[in-house]
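Visitor: Shown below is the structure under consideration.
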Amino acid sequence: MKSWKKLAAILSVLALVLAACGDGGEGSDTTAAGGGATTTEGSTGTTAAGTTAAGGGEPIIAATSLPLTGDFSIPAELHRTGYQLCVDLINDRGGVLGRELVLEVEDNQSDQEIAVTQTERMVSEADILFGTFSSLLTGPTSAIAEQNGMVYPVPSGGAQRIWERGFQNIFYFQARPAEGVGAAATNALTYYRDQGLIAADDFPTSAAVVYADDPFAAAGRNGLVGGTVNDPATGDVLADLAPGFLAEAGIEVVFDEQWPVGFTDWTTFANSINASGADSVWAATASVDEAISLIQGLQQVGMQPKFVWMSQGAQSEFRDELGGPENGITMHTVWHPSAEFVGLLGGEEYTNQDFIADFEAAYGKEPSEDEAIPFAVCQGMEQAMLGTGGTDNAAMSEWLHARTADDPVKTVLGDFYWDERGLPIGRDYILNQWQDGTLQFVYPVGEGLETVDLVYPKPEW
């Protein structure tokens with residue numbers, strides 16, 4: 001259901017269009033919205049892009065299709081919160097170019113077809129789009145945006161095949177593609193071994209690699225074991241990832257297994273992992289629920305790996321649901337509360353610490369990465385609108401592509417500028433570890449971020 005603000009905006013536009021038809025529209029100007037043109041009147045001026053500026057212009061509609069129910073509901077709800085906080089803070093600062101920013105969210109139920117249908121409607125109704133959660137949904141929704149010439153800023157959709165389609169309007173607000181998410185963990189292990197903090201004879205020698213039937217999870221697994229990146233349409237190999245991060249670290253893969261969509265028999269699956277004799281577990285999950293279920297299964301069968309890495313688990317819900325067994329588990333992230341990133345909001349400096357303080361004031365708890373990432377997406381789109389003077393998506397796409405190391409988009413995740421595919425340049429994942437109920441930053445060390453030592457081996461459940 002559309003909000004009253006959206007309805008009011010539509011009714012106002014219809015009235016103005018009818019008036020324009022009667023008098024030739026003299027004194028009106030236009031603003032790009034969803035690839036079309038909307039007639040507006042009564043403004044105090046226009047920007048260089050021809051969009052209504054300060055002085056009572058129509059609301060700017062930002063639309064997103066999120067999986068608020070279904071397999072991806074936990075991170076999707078956090079994404080909505082991150083988007084909403086950013087929108088609220090922008091409006092507290094006077095809006096964008098004097099116009100209120102309105103967030104429209106629809107639940108796609110973690111279903112690709114629903115997400116596509118919603119996005120097809122949004123490209124004709126919204127001024128700008130915010131990306132969805134997961135590679136599974138980002139692939140088709142970003143294609144709809146591309147076909148309609150709309151910028152699609154991606155908070156979560158790292159499978160490399162998404163970025164090899166030659167699209168001009170997608171921009172990733174994380175680090176390298178999902179195939180690279182496991183590198184932070186293997187690099188951390190070798191670093192701590194070389195520093196003498198992990199004894200050479202205690203270094204993990206064997207790995208159980210398990211993953212969901214999901215594009216992101218499969219991509220993470222491919223990076224670990226050295227698979228290939230294939231074009232889903234033709235089957236052509238786009239990249240060969242051999243030998244894989246685990247082999248490079250001297251860790252043998254002794255178990256490599258995928259679980260299907262809707263899987264529930266976690267105890268049996270955990271028994272198979274345990275029977276493999278692996279001394280480390282590497283799990284690429286599609287959702288936090290899967291990550292929790294897998295750990296509970298390993299706990300039930302009594303497996304005590306030396307090291308556990310997961311692609312999901314940085315959320316407080318992971319800690320709260322497990323209630324202790326999360327201690328020592330590692331996961332990659334692109335954000336941490338101790339990072340001293342300096343972004344922009346409302347054209348003014350806005351730090352990561354400002355974000356944390358505002359989030360805690362609004363919601364009474366600390367933020368997680370799944371709220372920080374969409375917040376950064378919103379920051380980037382605001383900067384694109386300010387940089388181009390409006391909501392013309394072609395202009396915003398050109399502006400985002402023109403960012404450089406010296407003139408980046410600045411966010412609570414740090415600075416962003418992108419290559420021709422829309423992948424960020426000069427960014428990599430960091431490794432976090434749950435230590436006594438706190439998510440600690442453990443790698444990389446000595447790069448301007450405060451770290452603590454990796455706890456190794458992982459404490460027993």
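All residue names refer to the structure tokens as shown: chains lettered A, B, ... in order, residues numbered from 1 in each chain, ligands numbered from 1 in order.
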Can you list, as a PyMOL selection string, every protein, DNA or RNA residue that comes within 8 Å of range 81-92 of chain A when you count only C-alpha atoms, leaving out same-chain residues fewer than 2 positions away?
Guide: chain A and resi 77-79+94-96+100-103+345-346+359+362+370-375+377-379
Visitor: So which residues touch Leu129 in chain A within 8 Å, counting only C-alpha atoms, skipping near sequence neighbours fewer than 4 positions away, as a ChimeraX atom specification?
Guide: /A:62-64,122-123,150-153
Visitor: Go ahead and write the selection's residues with C-alpha atoms as a PDB file, in the first residue's frame.
Guide:
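See part_36.pdb below for the written result:
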```pdb
ATOM      1  CA  ALA A  62      13.201   6.038  -2.801  1.00  0.00           C
ATOM      2  CA  ALA A  63      11.848   2.517  -3.345  1.00  0.00           C
ATOM      3  CA  THR A  64      13.223  -0.876  -2.427  1.00  0.00           C
ATOM      4  CA  MET A 122       9.026   0.718  -8.788  1.00  0.00           C
ATOM      5  CA  VAL A 123      11.014   1.860 -11.810  1.00  0.00           C
ATOM      6  CA  MET A 150      17.959   3.500 -13.253  1.00  0.00           C
ATOM      7  CA  VAL A 151      20.889   3.478 -10.845  1.00  0.00           C
ATOM      8  CA  TYR A 152      20.870   0.364  -8.679  1.00  0.00           C
ATOM      9  CA  PRO A 153      23.113   0.729  -5.608  1.00  0.00           C
TER      10      PRO A 153
END
```
Visitor: Using only C-alpha atoms, which residues sit within 8 Å of Gln160 in chain A once same-chain residues fewer than 4 positions away are excluded, as a ChimeraX atom specification?
Guide: /A:164,177-179,219,229
Visitor: Write to file, as an mmCIF file, in the first residue's frame, the residues of the selection just made, with all heavy atoms.
Guide:
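Final file, result_24.cif:
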```cif
data_model
loop_
_atom_site.group_PDB
_atom_site.id
_atom_site.type_symbol
_atom_site.label_atom_id
_atom_site.label_comp_id
_atom_site.auth_asym_id
_atom_site.auth_seq_id
_atom_site.Cartn_x
_atom_site.Cartn_y
_atom_site.Cartn_z
ATOM 1 N N GLU A 164 29.575 -9.191 -14.118
ATOM 2 C CA GLU A 164 30.226 -9.477 -15.399
ATOM 3 C C GLU A 164 29.256 -9.369 -16.560
ATOM 4 O O GLU A 164 29.483 -9.922 -17.630
ATOM 5 C CB GLU A 164 30.849 -10.875 -15.364
ATOM 6 C CG GLU A 164 31.869 -11.106 -14.263
ATOM 7 C CD GLU A 164 33.143 -10.300 -14.430
ATOM 8 O OE1 GLU A 164 33.342 -9.724 -15.521
ATOM 9 O OE2 GLU A 164 33.944 -10.244 -13.474
ATOM 10 N N PRO A 177 34.070 -9.029 -4.968
ATOM 11 C CA PRO A 177 32.958 -9.961 -5.142
ATOM 12 C C PRO A 177 32.932 -11.050 -4.086
ATOM 13 O O PRO A 177 33.920 -11.307 -3.382
ATOM 14 C CB PRO A 177 33.211 -10.542 -6.539
ATOM 15 C CG PRO A 177 33.989 -9.500 -7.253
ATOM 16 C CD PRO A 177 34.861 -8.878 -6.209
ATOM 17 N N ALA A 178 31.811 -11.741 -4.001
ATOM 18 C CA ALA A 178 31.599 -12.743 -2.961
ATOM 19 C C ALA A 178 32.607 -13.884 -3.030
ATOM 20 O O ALA A 178 32.877 -14.541 -2.019
ATOM 21 C CB ALA A 178 30.185 -13.305 -3.073
ATOM 22 N N GLU A 179 33.167 -14.112 -4.203
ATOM 23 C CA GLU A 179 34.194 -15.148 -4.316
ATOM 24 C C GLU A 179 35.397 -14.854 -3.416
ATOM 25 O O GLU A 179 36.176 -15.759 -3.094
ATOM 26 C CB GLU A 179 34.663 -15.267 -5.772
ATOM 27 C CG GLU A 179 33.720 -16.030 -6.672
ATOM 28 C CD GLU A 179 32.492 -15.245 -7.098
ATOM 29 O OE1 GLU A 179 32.348 -14.068 -6.700
ATOM 30 O OE2 GLU A 179 31.671 -15.791 -7.849
ATOM 31 N N ALA A 219 29.301 -18.701 -4.461
ATOM 32 C CA ALA A 219 30.454 -17.871 -4.827
ATOM 33 C C ALA A 219 31.518 -17.906 -3.738
ATOM 34 O O ALA A 219 32.718 -18.026 -4.024
ATOM 35 C CB ALA A 219 29.991 -16.440 -5.077
ATOM 36 N N VAL A 229 33.994 -19.115 -12.135
ATOM 37 C CA VAL A 229 32.857 -18.207 -12.260
ATOM 38 C C VAL A 229 32.309 -18.389 -13.669
ATOM 39 O O VAL A 229 33.021 -18.187 -14.645
ATOM 40 C CB VAL A 229 33.277 -16.746 -12.034
ATOM 41 C CG1 VAL A 229 32.077 -15.820 -12.203
ATOM 42 C CG2 VAL A 229 33.903 -16.579 -10.662
#
```
Visitor: Work out how far CA of Ala185 in chain A is from CA of Glu317 in chain A, in Å to one decimal.
Guide: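 So the answer is 21.9 Å.
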Visitor: Enter the distance from CA of Phe245 in chain A to CA of Phe203 in chain A, in Å, rounded to one decimal.
Guide: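 Separating CA of Phe245 in chain A from CA of Phe203 in chain A is a distance of 15.0 Å.
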Visitor: Measuring between only C-alpha atoms, which one of A:Gly139, A:Gly380, A:Gly437, A:Gly223 shows the shortest distance to Asn327 in chain A?
Guide: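 Smallest separation from Asn327 in chain A among the options: A:Gly437.
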Visitor: Among range 196-422 of chain A, which residues carry a DSSP assignment of alpha helix (DSSP H), reported as a PyMOL selection string?
Guide: chain A and resi 215-225+245-248+266-275+288-301+316-322+352-363+369-388+393-401
Visitor: Mind giving me the straight-line distance from CA of Ala217 in chain A to CA of Ala284 in chain A in Å, one decimal?
Guide: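 Taking CA of Ala217 in chain A and CA of Ala284 in chain A, their separation equals 4.7 Å.
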Visitor: Mind checking which residues fall within 10 Å of Phe173 in chain A, counting only C-alpha atoms, ignoring those fewer than 3 positions away in the same chain, and posting them as a PyMOL selection string?
Guide: chain A and resi 131+153-158+170+176+334+373-374+376-377+380+411+413-418+422-424
